[in-house]
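Peer 1: Dropping in entry.cif, with mmCIF, C-alpha atoms.
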data_start
loop_
_atom_site.label_atom_id
_atom_site.label_comp_id
_atom_site.auth_asym_id
_atom_site.auth_seq_id
_atom_site.Cartn_x
_atom_site.Cartn_y
_atom_site.Cartn_z
CA MET A 214 11.88 8.97 -38.08
CA LEU A 215 11.37 12.60 -37.04
CA PHE A 216 10.38 13.44 -40.61
CA TYR A 217 7.61 10.83 -40.55
CA THR A 218 6.38 12.07 -37.19
CA ILE A 219 6.12 15.63 -38.47
CA VAL A 220 4.32 14.46 -41.62
CA LEU A 221 1.92 12.39 -39.53
CA ILE A 222 1.11 15.30 -37.22
CA ILE A 223 0.49 17.70 -40.14
CA LEU A 224 -1.69 15.11 -41.89
CA ALA A 225 -3.64 14.46 -38.69
CA ILE A 226 -4.39 18.17 -38.31
CA ILE A 227 -5.56 18.39 -41.94
CA LEU A 228 -7.63 15.22 -41.43
CA LEU A 229 -9.37 16.72 -38.39
CA GLY A 230 -10.07 19.96 -40.23
CA VAL A 231 -11.53 18.21 -43.27
CA ALA A 232 -13.63 15.92 -41.05
CA ILE A 233 -15.12 18.90 -39.18
CA TYR A 234 -15.75 20.62 -42.53
CA ALA A 235 -17.59 17.52 -43.79
CA VAL A 236 -19.83 17.51 -40.73
CA VAL A 237 -20.75 21.21 -40.66
CA GLN A 238 -21.07 21.68 -44.44
CA LYS A 239 -24.67 22.15 -45.57
CA ASP A 240 -23.93 21.45 -49.25
CA LEU A 241 -23.89 17.64 -49.40
CA LEU A 242 -21.74 17.53 -52.54
CA TYR A 243 -18.93 19.40 -50.79
CA ALA A 244 -19.34 17.16 -47.75
CA VAL A 245 -18.96 14.04 -49.90
CA ILE A 246 -15.84 15.44 -51.58
CA ALA A 247 -14.49 16.14 -48.08
CA THR A 248 -15.06 12.50 -47.08
CA GLY A 249 -13.11 11.52 -50.20
CA VAL A 250 -10.25 13.74 -49.04
CA ILE A 251 -10.46 12.07 -45.62
CA SER A 252 -10.04 8.69 -47.33
CA LEU A 253 -7.06 10.00 -49.30
CA ILE A 254 -5.29 11.20 -46.15
CA LEU A 255 -6.21 7.98 -44.34
CA SER A 256 -4.66 5.87 -47.08
CA VAL A 257 -1.44 7.88 -46.79
CA PHE A 258 -1.62 7.23 -43.05
CA PHE A 259 -2.01 3.49 -43.56
CA PHE A 260 0.93 3.48 -45.95
CA ILE A 261 3.23 5.36 -43.56
CA LEU A 262 2.13 3.11 -40.68
CA GLN A 263 3.21 0.03 -42.70
CA ALA A 264 -0.17 -1.34 -43.74
CA PRO A 265 0.03 -1.16 -47.56
CA ASP A 266 -2.75 -3.73 -48.01
CA VAL A 267 -5.22 -1.56 -46.16
CA ALA A 268 -3.90 1.54 -47.91
CA LEU A 269 -4.69 0.01 -51.33
CA THR A 270 -8.21 -0.92 -50.24
CA GLU A 271 -8.83 2.52 -48.77
CA ALA A 272 -7.50 4.19 -51.92
CA ALA A 273 -9.66 2.20 -54.32
CA ILE A 274 -12.88 1.90 -52.32
CA GLY A 275 -12.80 4.97 -50.07
CA ILE A 276 -11.65 7.54 -52.59
CA ALA A 277 -13.25 6.34 -55.80
CA LEU A 278 -16.18 3.97 -55.31
CA THR A 279 -17.82 5.30 -52.13
CA THR A 280 -17.54 8.91 -53.26
CA ILE A 281 -19.05 8.11 -56.65
CA ILE A 282 -21.94 6.15 -55.12
CA PHE A 283 -22.68 9.08 -52.80
CA ILE A 284 -22.52 11.55 -55.69
CA ILE A 285 -24.94 9.45 -57.76
CA THR A 286 -27.28 9.33 -54.77
CA ILE A 287 -27.06 13.10 -54.31
CA ARG A 288 -27.81 13.64 -57.97
CA ASN A 289 -30.98 11.58 -57.63
CA THR A 290 -32.08 13.31 -54.41
CA SER A 291 -31.48 16.86 -53.25
CA ARG A 292 -28.15 18.56 -52.99
CA MET A 293 -28.62 20.90 -50.05
CA GLU A 294 -29.16 19.63 -46.54
CA ASP A 295 -32.76 20.10 -45.50
CA GLU A 296 -33.04 22.36 -42.49
CA MET A 297 -36.76 21.93 -42.13
CA PRO A 298 -38.30 19.72 -39.42
CA LEU A 299 -39.09 16.16 -40.35
CA ASP A 300 -42.88 16.53 -40.28
CA HIS A 301 -42.77 19.47 -42.67
CA GLU A 302 -44.69 18.78 -45.85
CA PRO A 303 -42.50 19.42 -48.87
CA ASN A 304 -43.50 22.35 -50.98
CA SER A 305 -43.07 21.48 -54.63
CA GLU A 306 -41.94 24.96 -55.66
CA SER A 307 -39.21 25.31 -53.05
CA ASP A 308 -37.99 21.76 -53.73
CA ASN A 309 -37.55 22.51 -57.41
CA LYS A 310 -35.67 25.66 -56.51
CA ILE A 311 -33.23 23.68 -54.41
CA GLU A 312 -32.60 21.12 -57.13
CA THR A 313 -31.95 23.59 -59.92
CA LYS A 314 -29.55 25.61 -57.79
CA MET B 227 -32.62 11.71 -10.56
CA LYS B 228 -32.24 10.81 -14.23
CA LYS B 229 -28.91 12.62 -14.50
CA LEU B 230 -27.66 10.88 -11.38
CA LEU B 231 -28.59 7.53 -12.90
CA ILE B 232 -26.76 8.38 -16.11
CA ILE B 233 -23.65 9.43 -14.20
CA LEU B 234 -23.79 6.24 -12.17
CA LEU B 235 -24.12 4.14 -15.32
CA LEU B 236 -21.20 5.96 -16.96
CA ALA B 237 -19.11 5.45 -13.82
CA VAL B 238 -19.80 1.70 -13.83
CA VAL B 239 -18.97 1.37 -17.53
CA GLY B 240 -15.85 3.50 -17.08
CA TYR B 241 -14.71 1.42 -14.11
CA PHE B 242 -14.94 -1.85 -15.99
CA LEU B 243 -13.28 -0.34 -19.08
CA THR B 244 -10.40 0.94 -16.94
CA VAL B 245 -9.98 -2.40 -15.21
CA SER B 246 -9.91 -4.36 -18.45
CA MET B 247 -7.65 -1.85 -20.23
CA SER B 248 -5.18 -1.58 -17.36
CA ASN B 249 -4.27 -5.25 -17.78
CA ILE B 250 -3.03 -4.64 -21.34
CA LYS B 251 0.67 -3.86 -21.47
CA PHE B 252 0.73 -1.21 -24.18
CA GLY B 253 4.04 -0.94 -25.97
CA ALA B 254 5.46 -4.10 -24.43
CA ASN B 255 6.73 -6.92 -26.64
CA ARG B 256 4.09 -9.57 -26.10
CA MET B 257 4.86 -11.56 -29.23
CA GLY B 258 7.78 -13.57 -27.94
CA ASP B 259 10.56 -14.42 -30.38
CA SER B 260 10.35 -16.48 -33.53
CA SER B 261 11.47 -19.70 -31.86
CA GLN B 262 8.92 -19.47 -29.06
CA PRO B 263 5.90 -17.55 -30.31
CA LYS B 264 3.53 -16.50 -27.54
CA THR B 265 0.66 -15.07 -29.55
CA VAL B 266 -1.11 -16.14 -32.70
CA GLY B 267 0.43 -13.22 -34.65
CA ALA B 268 3.94 -14.37 -33.86
CA PHE B 269 2.90 -17.91 -34.71
CA TYR B 270 1.79 -16.84 -38.19
CA LEU B 271 4.93 -14.76 -38.70
CA SER B 272 7.20 -17.66 -37.82
CA LYS B 273 5.28 -20.44 -39.59
CA THR B 274 4.20 -18.83 -42.87
CA PRO B 275 7.53 -18.81 -44.76
CA GLY B 276 8.14 -22.49 -44.02
CA GLU B 277 4.63 -23.90 -44.29
CA LEU B 278 3.33 -21.97 -47.28
CA SER B 279 6.39 -20.13 -48.66
CA VAL B 280 4.39 -16.94 -49.08
CA ALA B 281 6.20 -13.61 -48.86
CA ASN B 282 3.11 -11.57 -47.94
CA VAL B 283 2.04 -12.99 -44.58
CA ILE B 284 -1.24 -11.04 -44.59
CA THR B 285 -2.29 -12.89 -47.73
CA ALA B 286 -1.46 -16.22 -46.12
CA ILE B 287 -3.62 -15.33 -43.11
CA VAL B 288 -6.51 -13.97 -45.16
CA VAL B 289 -6.65 -16.75 -47.74
CA ASN B 290 -5.26 -19.82 -46.02
CA TYR B 291 -5.41 -19.69 -42.22
CA ARG B 292 -8.59 -17.62 -42.21
CA GLY B 293 -9.85 -18.69 -45.64
CA PHE B 294 -13.32 -19.52 -44.39
CA ASP B 295 -13.79 -15.92 -43.19
CA THR B 296 -12.80 -14.68 -46.64
CA LEU B 297 -15.41 -16.95 -48.21
CA GLY B 298 -17.95 -15.37 -45.85
CA GLU B 299 -16.85 -11.85 -46.82
CA VAL B 300 -17.11 -12.69 -50.51
CA SER B 301 -20.64 -14.03 -50.02
CA VAL B 302 -21.61 -10.88 -48.07
CA LEU B 303 -20.44 -8.74 -50.99
CA PHE B 304 -22.28 -11.04 -53.40
CA LEU B 305 -25.51 -10.71 -51.38
CA ALA B 306 -25.18 -6.92 -51.20
CA ALA B 307 -24.62 -6.62 -54.96
CA THR B 308 -27.48 -9.01 -55.71
CA GLY B 309 -29.85 -7.16 -53.39
CA LEU B 310 -29.00 -3.79 -54.90
CA GLY B 311 -29.41 -5.20 -58.41
CA SER B 312 -32.75 -6.79 -57.63
CA ILE B 313 -34.07 -3.49 -56.25
CA LEU B 314 -32.67 -1.10 -58.83
CA TYR B 315 -31.88 -2.99 -62.03
CA LYS B 316 -34.50 -2.94 -64.75
CA LYS B 317 -34.16 -5.31 -67.64
CA LYS B 318 -34.22 -3.64 -71.02
CA LYS B 319 -36.75 -4.84 -73.51
CA LYS B 320 -35.51 -5.38 -77.05
CA GLY B 321 -34.97 -2.11 -78.86
CA GLU B 322 -35.96 -0.04 -75.85
CA HIS B 323 -33.59 2.61 -74.56
CA LEU B 324 -33.93 3.42 -70.91
CA PRO B 325 -33.51 7.11 -70.23
CA THR B 326 -30.31 7.46 -68.25
CA VAL B 327 -28.92 10.29 -66.19
CA LYS B 328 -25.67 10.16 -68.10
CA LYS B 329 -24.63 13.29 -69.90
CA PRO B 330 -21.97 13.45 -72.62
CA SER B 331 -18.54 14.33 -71.27
CA SER B 332 -15.83 16.47 -72.80
CA ALA B 333 -13.51 15.22 -75.53
CA LEU B 334 -10.53 15.65 -73.21
CA LEU B 335 -12.00 13.27 -70.62
CA GLN B 336 -12.96 10.77 -73.34
CA ALA B 337 -9.50 10.66 -74.91
CA GLY B 338 -7.75 10.54 -71.55
CA SER B 339 -9.88 7.75 -70.15
CA LYS B 340 -9.44 5.71 -73.34
CA LEU B 341 -5.69 6.06 -72.82
CA ILE B 342 -5.65 5.24 -69.11
CA PHE B 343 -8.30 2.47 -69.02
CA PRO B 344 -6.03 -0.45 -70.14
CA ALA B 345 -3.35 0.69 -67.70
CA ILE B 346 -5.83 0.57 -64.81
CA LEU B 347 -6.95 -2.92 -65.84
CA VAL B 348 -3.34 -4.13 -66.00
CA LEU B 349 -2.59 -2.60 -62.60
CA GLY B 350 -5.60 -4.31 -61.05
CA ALA B 351 -4.66 -7.66 -62.60
CA TYR B 352 -1.08 -7.20 -61.37
CA VAL B 353 -2.28 -6.48 -57.84
CA PHE B 354 -4.36 -9.61 -57.57
CA ILE B 355 -2.01 -11.95 -59.44
CA HIS B 356 0.92 -10.87 -57.26
CA GLY B 357 -1.22 -10.91 -54.11
CA HIS B 358 1.03 -13.47 -52.40
CA LEU B 359 4.23 -11.58 -53.22
CA THR B 360 3.48 -7.88 -52.83
CA PRO B 361 0.89 -5.92 -50.84
CA GLY B 362 -2.58 -6.22 -52.24
CA GLY B 363 -4.82 -9.06 -53.22
CA GLY B 364 -8.15 -10.00 -54.67
CA PHE B 365 -10.25 -7.30 -53.05
CA GLN B 366 -7.84 -4.50 -53.83
CA GLY B 367 -7.24 -5.60 -57.42
CA GLY B 368 -10.94 -6.06 -58.03
CA ALA B 369 -11.72 -2.60 -56.67
CA ILE B 370 -9.03 -1.06 -58.89
CA ILE B 371 -10.51 -2.77 -61.97
CA ALA B 372 -13.97 -1.53 -60.97
CA THR B 373 -12.67 2.06 -60.83
CA GLY B 374 -11.36 1.59 -64.37
CA PHE B 375 -14.80 0.52 -65.57
CA LEU B 376 -16.30 3.44 -63.63
CA LEU B 377 -14.06 5.85 -65.53
CA MET B 378 -15.26 4.41 -68.85
CA MET B 379 -18.91 4.52 -67.79
CA MET B 380 -18.60 8.14 -66.77
CA SER B 381 -16.79 9.34 -69.86
CA TYR B 382 -18.64 7.39 -72.55
CA LYS B 383 -22.38 7.68 -72.70
CA ASP B 384 -22.94 4.41 -74.54
CA PHE B 385 -20.58 2.31 -72.41
CA THR B 386 -22.68 -0.21 -70.51
CA MET B 387 -21.81 -3.47 -68.89
CA ASN B 388 -23.42 -6.66 -70.09
CA HIS B 389 -25.21 -7.91 -67.00
CA SER B 390 -25.37 -11.55 -68.05
CA VAL B 391 -21.57 -11.56 -68.54
CA ILE B 392 -21.14 -9.99 -65.09
CA THR B 393 -23.41 -12.61 -63.53
CA TRP B 394 -21.54 -15.45 -65.24
CA VAL B 395 -18.12 -14.13 -64.21
CA GLU B 396 -19.03 -13.67 -60.57
CA SER B 397 -20.83 -17.02 -60.35
CA LEU B 398 -17.92 -18.90 -61.94
CA ALA B 399 -15.41 -17.15 -59.66
CA GLY B 400 -17.45 -18.00 -56.57
CA ILE B 401 -17.81 -21.62 -57.70
CA THR B 402 -14.03 -21.77 -58.25
CA PHE B 403 -13.37 -20.51 -54.71
CA ALA B 404 -15.82 -22.95 -53.12
CA SER B 405 -14.68 -25.92 -55.19
CA ILE B 406 -11.00 -25.29 -54.36
CA GLY B 407 -12.06 -25.42 -50.73
CA LEU B 408 -14.01 -28.63 -51.30
CA ILE B 409 -11.03 -30.27 -53.05
CA GLY B 410 -9.00 -29.42 -49.96
CA LEU B 411 -11.70 -31.05 -47.85
CA VAL B 412 -11.54 -34.21 -49.95
CA VAL B 413 -7.75 -34.44 -50.18
CA ASP B 414 -6.64 -33.25 -46.74
CA HIS B 415 -9.77 -33.55 -44.59
CA SER B 416 -10.03 -29.81 -43.96
CA PHE B 417 -11.91 -27.11 -45.86
CA LEU B 418 -9.57 -24.84 -47.91
CA GLU B 419 -6.58 -26.98 -46.97
CA ASN B 420 -3.59 -26.46 -49.25
CA PHE B 421 -3.29 -29.42 -51.65
CA LEU B 422 -0.87 -28.01 -54.25
CA PRO B 423 2.94 -27.92 -54.02
CA ILE B 424 4.02 -24.76 -52.22
CA GLY B 425 7.01 -24.05 -54.44
CA ARG B 426 9.85 -21.66 -53.64
CA ILE B 427 9.32 -18.41 -51.76
CA ASN B 428 9.12 -15.24 -53.95
CA ASP B 429 8.28 -17.23 -57.09
CA LEU B 430 5.19 -16.24 -59.03
CA ILE B 431 3.86 -19.79 -58.88
CA SER B 432 4.19 -20.54 -55.21
CA GLY B 433 2.02 -20.64 -52.13
CA GLY B 434 -0.19 -23.54 -53.29
CA ILE B 435 -3.82 -22.52 -53.67
CA ILE B 436 -3.38 -18.87 -52.65
CA PRO B 437 -2.82 -17.39 -56.16
CA LEU B 438 -5.74 -19.41 -57.58
CA ILE B 439 -8.11 -18.19 -54.88
CA TYR B 440 -6.95 -14.60 -55.20
CA VAL B 441 -7.47 -14.60 -58.97
CA ALA B 442 -11.00 -15.92 -58.38
CA VAL B 443 -11.69 -13.30 -55.69
CA GLY B 444 -10.30 -10.56 -57.93
CA PHE B 445 -12.62 -11.47 -60.82
CA LYS B 446 -15.56 -11.76 -58.44
CA VAL B 447 -15.03 -8.42 -56.71
CA ALA B 448 -14.37 -6.62 -60.01
CA ALA B 449 -17.55 -8.02 -61.57
CA GLU B 450 -19.68 -7.25 -58.53
CA LEU B 451 -18.49 -3.69 -58.02
CA SER B 452 -18.74 -2.81 -61.74
CA GLY B 453 -22.23 -4.30 -61.78
CA VAL B 454 -23.24 -2.20 -58.78
CA LEU B 455 -21.87 0.98 -60.37
CA ASP B 456 -23.55 0.24 -63.71
CA THR B 457 -26.86 -0.40 -61.98
CA LEU B 458 -26.56 2.85 -60.01
CA LEU B 459 -25.55 4.92 -63.03
CA SER B 460 -28.48 3.70 -65.13
CA ILE B 461 -31.21 4.69 -62.67
CA LYS B 462 -34.03 6.51 -64.35
CA GLU B 463 -34.17 10.18 -63.51
CA LYS B 464 -37.23 11.03 -61.51
#
Please express what this file holds, its structure, as structure tokens.

Peer 2:
Amino acid sequence: MLFYTIVLIILAIILLGVAIYAVVQKDLLYAVIATGVISLILSVFFFILQAPDVALTEAAIGIALTTIIFIITIRNTSRMEDEMPLDHEPNSESDNKIETK
Amino acid sequence: MKKLLIILLLAVVGYFLTVSMSNIKFGANRMGDSSQPKTVGAFYLSKTPGELSVANVITAIVVNYRGFDTLGEVSVLFLAATGLGSILYKKKKKGEHLPTVKKPSSALLQAGSKLIFPAILVLGAYVFIHGHLTPGGGFQGGAIIATGFLLMMMSYKDFTMNHSVITWVESLAGITFASIGLIGLVVDHSFLENFLPIGRINDLISGGIIPLIYVAVGFKVAAELSGVLDTLLSIKEK
């Protein structure tokens, strides 16, 4: 029982760290990979907390499918988070620079 | 003035939250025992082995007691997949090759995915066929199968899903689900009522209609998710 508690606490700390990383990261690809890691840790959580059904769903959908859909979307849009204000008109040169990076 | 109003509003919301939460006895056993169940959870736990002879109680709740909700979830997924397809999918003309964003992958990935793809399919089929015995079920098995197809789509450039086959599979699976429910309505006067013999607990063929419905849901979810991924992967590059 103590072993599981220690594992849960360590996993929760890692989960918090990865979640904060996903929020502050400007590179969207890294942020999406971080959300995939969050799903991985969450599925381990569900398994330890005796919900194997939910753990299977989280493993298949959270880790694989959602991450892939986000990555496809990022590939079709831009990779870096835009720091410019919303009413800024996109400059074609700088946009190309961001995409090829 | 505005800040004061906000604080007042937060205080009111907090007060009512505290009042409603303080009535919940956290950590107390509120289920009763198996002979006198007090809540609906305890009722399911005590009734499922006798009524349906299903080892996985969650499956019994999802497919039988709350089967109508599952039908709703399946139709939500169907609507989402159909909407995405109608926005993004472009029908190929004969002989035309749509430019895709796919790039050829390494030989290592190709050989490995060819090796692992049948194993993923078998695992997914196992998860939804044994949904009433072990953890898992139609949604989980279908999602696992979709990840297998995703692996093939990503490693082989020419691997595409046939969209008419996908449409047929998901339509037939949905019709199977709905018609099993309708047969229950005809036989036992209640939608999705169990009309098959329940068999012995822990047998593969047991639990009445639950395995049939979960196989249908598994096929449906697998077809829908693979269709969504194929549609997304074949978007034209801008």

Peer 1: Return as a list of chain:residue names the set of residues that the PyMOL selection byres ((chain B) within 6 of (chain A)) yields on the displayed structure.

Peer 2: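 Answer for the PyMOL selection byres ((chain B) within 6 of (chain A)): B:Pro361, B:Gly362, B:Gln366, B:Ala369, B:Ile370.
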
Peer 1: I need the output of the PyMOL selection byres ((chain B and resi 389-396) around 12) for this file as number ranges by chain; which residues are they?

Peer 2: B: 300-301, 303-305, 307-308, 311, 315-318, 368, 372, 386-388, 397-403, 441-457

Peer 1: Between CA of Gly275 (chain A) and CA of Ser252 (chain A), what distance in Å does the model show, to one decimal?

Peer 2: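 If I compute the distance from CA of Gly275 (chain A) to CA of Ser252 (chain A), I get 5.4 Å.
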
Peer 1: So what does the PyMOL selection byres ((chain B and resi 419) around 10) actually pick up in this one, as a ChimeraX atom specification?

Peer 2: /B:290-291,293,406-418,420-422,434-435

Peer 1: Just the number, please: distance in Å from CA of Asn282 (chain B) to CA of Ala345 (chain B), one decimal.

Peer 2: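 Taking CA of Asn282 (chain B) as the start and CA of Ala345 (chain B) as the end point, the length is 24.1 Å.
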
Peer 1: Please measure the separation of CA of Ser331 (chain B) and CA of Ser460 (chain B), giving the value in Å to one decimal.

Peer 2: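 These atoms are spaced 15.8 Å apart.
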
Peer 1: Would you mind listing what lies within 7 Å of Glu294 (chain A) as number ranges by chain, with all atoms listed in the file counted and same-chain residues fewer than 3 positions away left out?

Peer 2: A: 239-241
